[in-house]
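Read the structure below first, then the notes.
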Amino acid sequence: MDVTNTTVFITGANRGLGLAFAREARRRGAKKVYAGMRNTSGFDEPGIIPVRIDVTDKASIAAAAEIADDTTLLINNAGTAALIDGPLASDFEAQSKQLFDINYYGVARVTQAFEQVLSSKQHAAIINVLSDIVWLPRPYLTPYAASKAAAWSYTNQLRFHLQDRGIQVLGLHVGFVDTDLTNGIDVPKASPEDVVRQTYDALAAGKSEIMADQGTSLLKSTLAAEIPGYITPPPGLF
Ligand SMILES: NC(=O)c1ccc[n+]([C@@H]2O[C@H](COP(=O)([O-])OP(=O)(O)OC[C@H]3O[C@@H](n4cnc5c(N)ncnc54)[C@H](OP(=O)(O)O)[C@@H]3O)[C@@H](O)[C@H]2O)c1
């Protein structure tokens with residue numbers, strides 16, 4: 001699906017990757033761009049319509065789906081991360097519950113609420129923002145990794161489930177991106193604009209997955225190896 005002439009709804013679009021998705025959709029000639037966000041006050045971007053949505057709050061999700069009932073492209077972008085001491089940390093369970101609520105159940109809740117909206121259109125698509133972390137051991141991000149791996153699994157089940165209805169489902173995998181989420185982490189980062197351009201190009205090319213940086217492509221290429229990257233990460237990726 002080409003983003004030109006679509007009506008797009010993006011969760012978590014007040015900043016970071018979500019805002020980049022909104023701006024690039026508009027630049028590419030999308031008919032309408034809805035920017036979903038927890039707090040709409042002060043948001044002022046020409047041609048972009050702010051809509052209140054908290055992906056942990058079913059009532060706000062239902063209200064957003066009613067407002068944006070002309071949506072043909074849903075982008076599940078809202079997400080958060082937390083650093084912990086590793087899989088054995090004392091705050092592991094509390095952090096996991098919070099991250100699953102947003103990164104996994106949030107994706108599922110919004111998708112379920114928009115299902116009717118999308119199914120009633122001739123062409124529709126869903127982009128789920130995932131991560132290289134589904135295949136990469138980074139113990140300090142264990143709850144985040146598990147929540148994204150769950151969202152990846154959901155994405156694969158959803159794609160298969162929706163294929164007869166002609167709804168394209170695209171999973172976006174990427175490593176570090178230069179947004180607030182990675183503030184203070186001193187590593188090479190992809191630019192949000194570049195990630196978004198590649199993602200919309202992949203959507204237009206009819207793809208089901210996009211690896212939006214070299215490291216993630218390399219990581220994925222190891223998955224069939226005897227020692228895949230989730231056991232021994234390729235040099236430079238850990
Ligand atoms: N940055 C990276 O390195 C990277 C890499 C791979 C994947 N990702 C994924 O990319 C997506 C966007 O992240 P980002 O890098 O752009 O981070 P960001 O700048 O921190 O933005 C996160 C966005 O998600 C929103 N959000 C958080 N919890 C929410 C909730 N309960 N309901 C609705 N919105 C909520 C935030 O809203 P508020 O402003 O209200 O907090 C914000 O708009 C996330 O899914 C993240 O996991 C990021």
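The chains in the structure tokens are called A, B, ... from first to last as shown; in each chain the residues are counted from 1, and the ligands are counted from 1 in the order shown.
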- Query: Please, which residues have at least one atom within 8 Å of an atom of ligand 1, using only C-alpha atoms and all ligand atoms, listed as JSON, numbers by chain?
  - Reply: {"A": [11, 12, 13, 14, 15, 16, 17, 18, 19, 36, 37, 38, 39, 53, 54, 55, 56, 57, 76, 77, 78, 79, 80, 81, 101, 102, 103, 106, 129, 130, 131, 132, 133, 144, 148, 173, 174, 175, 176, 177, 178, 179, 180, 181, 182, 189, 190, 192]}
Region 62-171 of chain A residues near region 206-209 of chain A within 7 Å, closest pair each, using only C-alpha atoms, as CSV:
residue,atom,partner,partner_atom,distance
A:Val169,CA,A:Ser208,CA,5.9
A:Leu170,CA,A:Ser208,CA,4.4
A:Gly171,CA,A:Glu209,CA,4.7
- Query: Would you give me, as a PyMOL selection string, the residues in region 52-226 of chain A that DSSP reads as alpha helix (DSSP H)?
  - Reply: chain A and resi 58-67+92-99+105-119+142-162+192-204+214-221
- For Asn5 (chain A), please output as a list in words all residues within 10 Å (counting only C-alpha atoms; exclusion window: fewer than 5 positions along the same chain).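 Non-adjacent residues within range: Ala25, Arg26, Arg28, Gly29, Ala30, Lys31, Lys32 and Thr72 of chain A.
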- Task: In Å, rounded to a single decimal, give me how far CA of Thr6 (chain A) is from CA of Pro50 (chain A).
- Result: 16.8 Å
Within 8 Å of region 43-49 of chain A, counting only C-alpha atoms, which residues show up once you throw out same-chain ones fewer than 2 positions away? Write them as an mmCIF file with N, CA, C and O atoms, in the first residue's frame, please.
data_model
loop_
_atom_site.group_PDB
_atom_site.id
_atom_site.type_symbol
_atom_site.label_atom_id
_atom_site.label_comp_id
_atom_site.auth_asym_id
_atom_site.auth_seq_id
_atom_site.Cartn_x
_atom_site.Cartn_y
_atom_site.Cartn_z
ATOM 1 N N ASN A 14 3.136 12.315 19.058
ATOM 2 C CA ASN A 14 3.479 13.681 19.469
ATOM 3 C C ASN A 14 4.979 13.936 19.443
ATOM 4 O O ASN A 14 5.417 15.080 19.500
ATOM 5 N N ALA A 22 4.129 10.742 11.046
ATOM 6 C CA ALA A 22 3.050 11.677 10.701
ATOM 7 C C ALA A 22 3.528 12.690 9.656
ATOM 8 O O ALA A 22 2.856 12.929 8.650
ATOM 9 N N ARG A 23 4.696 13.264 9.884
ATOM 10 C CA ARG A 23 5.206 14.294 8.951
ATOM 11 C C ARG A 23 5.476 13.706 7.570
ATOM 12 O O ARG A 23 5.168 14.308 6.549
ATOM 13 N N ARG A 26 2.316 13.035 5.582
ATOM 14 C CA ARG A 26 1.789 14.277 5.015
ATOM 15 C C ARG A 26 2.619 14.693 3.796
ATOM 16 O O ARG A 26 2.080 15.062 2.761
ATOM 17 N N LYS A 32 -5.283 12.213 4.884
ATOM 18 C CA LYS A 32 -5.500 12.742 6.227
ATOM 19 C C LYS A 32 -4.504 12.054 7.169
ATOM 20 O O LYS A 32 -4.225 10.857 6.984
ATOM 21 N N VAL A 33 -3.991 12.794 8.127
ATOM 22 C CA VAL A 33 -3.052 12.205 9.090
ATOM 23 C C VAL A 33 -3.558 12.488 10.504
ATOM 24 O O VAL A 33 -3.631 13.641 10.935
ATOM 25 N N TYR A 34 -3.932 11.418 11.221
ATOM 26 C CA TYR A 34 -4.310 11.535 12.625
ATOM 27 C C TYR A 34 -3.103 11.177 13.482
ATOM 28 O O TYR A 34 -2.516 10.100 13.308
ATOM 29 N N ALA A 35 -2.736 12.092 14.380
ATOM 30 C CA ALA A 35 -1.632 11.834 15.298
ATOM 31 C C ALA A 35 -2.215 11.494 16.663
ATOM 32 O O ALA A 35 -2.723 12.372 17.371
ATOM 33 N N THR A 40 -3.011 16.036 24.053
ATOM 34 C CA THR A 40 -3.051 16.781 22.784
ATOM 35 C C THR A 40 -2.748 18.268 22.964
ATOM 36 O O THR A 40 -2.550 18.967 21.975
ATOM 37 N N SER A 41 -2.707 18.748 24.218
ATOM 38 C CA SER A 41 -2.582 20.204 24.394
ATOM 39 C C SER A 41 -1.208 20.681 23.927
ATOM 40 O O SER A 41 -0.174 20.078 24.223
ATOM 41 N N VAL A 51 -5.335 13.457 18.077
ATOM 42 C CA VAL A 51 -6.454 12.703 18.662
ATOM 43 C C VAL A 51 -5.959 12.077 19.959
ATOM 44 O O VAL A 51 -4.903 11.441 19.976
#
- Item | Gap from CA of Lys220 (chain A) to CA of Trp135 (chain A) - Å, one decimal |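 About the pair CA of Lys220 (chain A) and CA of Trp135 (chain A): they are 7.7 Å apart.
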- Shortest interatomic distance to Ser119 (chain A) - which of A:Val134, A:Ala145, A:Leu99, A:Leu73, counting only C-alpha atoms: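 Checking each of A:Val134, A:Ala145, A:Leu99, A:Leu73 against Ser119 (chain A), counting only C-alpha atoms, the winner is A:Leu73.
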- Item | Gap from CA of Ser96 (chain A) to CA of Ala150 (chain A) - Å, one decimal |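 Taking CA of Ser96 (chain A) as the start and CA of Ala150 (chain A) as the end point, the length is 11.6 Å.
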- Using only C-alpha atoms, determine which residues lie at most 12 Å from region 114-116 of chain A, disregarding the query and same-chain residues fewer than 6 positions distant; provide the list as a PyMOL selection string. chain A and resi 8-11+58+61-76+107-108+124-126+158+161-162+165+167
Neighbours of Gly86 (chain A) within 9 Å (only C-alpha atoms; same-chain residues fewer than 6 positions away dropped), as an mmCIF file with N, CA and C atoms, in the first residue's frame?
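Contents of the output file result_26.cif:
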data_model
loop_
_atom_site.group_PDB
_atom_site.id
_atom_site.type_symbol
_atom_site.label_atom_id
_atom_site.label_comp_id
_atom_site.auth_asym_id
_atom_site.auth_seq_id
_atom_site.Cartn_x
_atom_site.Cartn_y
_atom_site.Cartn_z
ATOM 1 N N PHE A 92 12.014 -6.887 38.129
ATOM 2 C CA PHE A 92 11.715 -7.511 36.832
ATOM 3 C C PHE A 92 10.208 -7.636 36.571
ATOM 4 N N ARG A 138 20.116 -8.353 25.200
ATOM 5 C CA ARG A 138 20.566 -7.158 25.938
ATOM 6 C C ARG A 138 19.899 -7.242 27.303
ATOM 7 N N PRO A 139 20.543 -7.929 28.258
ATOM 8 C CA PRO A 139 19.891 -8.246 29.538
ATOM 9 C C PRO A 139 19.323 -7.031 30.261
ATOM 10 N N TYR A 140 19.951 -5.858 30.111
ATOM 11 C CA TYR A 140 19.442 -4.668 30.804
ATOM 12 C C TYR A 140 18.106 -4.194 30.218
ATOM 13 N N LEU A 141 17.702 -4.801 29.093
ATOM 14 C CA LEU A 141 16.394 -4.460 28.494
ATOM 15 C C LEU A 141 15.464 -5.682 28.479
ATOM 16 N N THR A 142 15.657 -6.612 29.415
ATOM 17 C CA THR A 142 14.891 -7.871 29.374
ATOM 18 C C THR A 142 13.372 -7.666 29.274
ATOM 19 N N PRO A 143 12.735 -6.843 30.119
ATOM 20 C CA PRO A 143 11.273 -6.699 29.997
ATOM 21 C C PRO A 143 10.859 -6.070 28.665
#
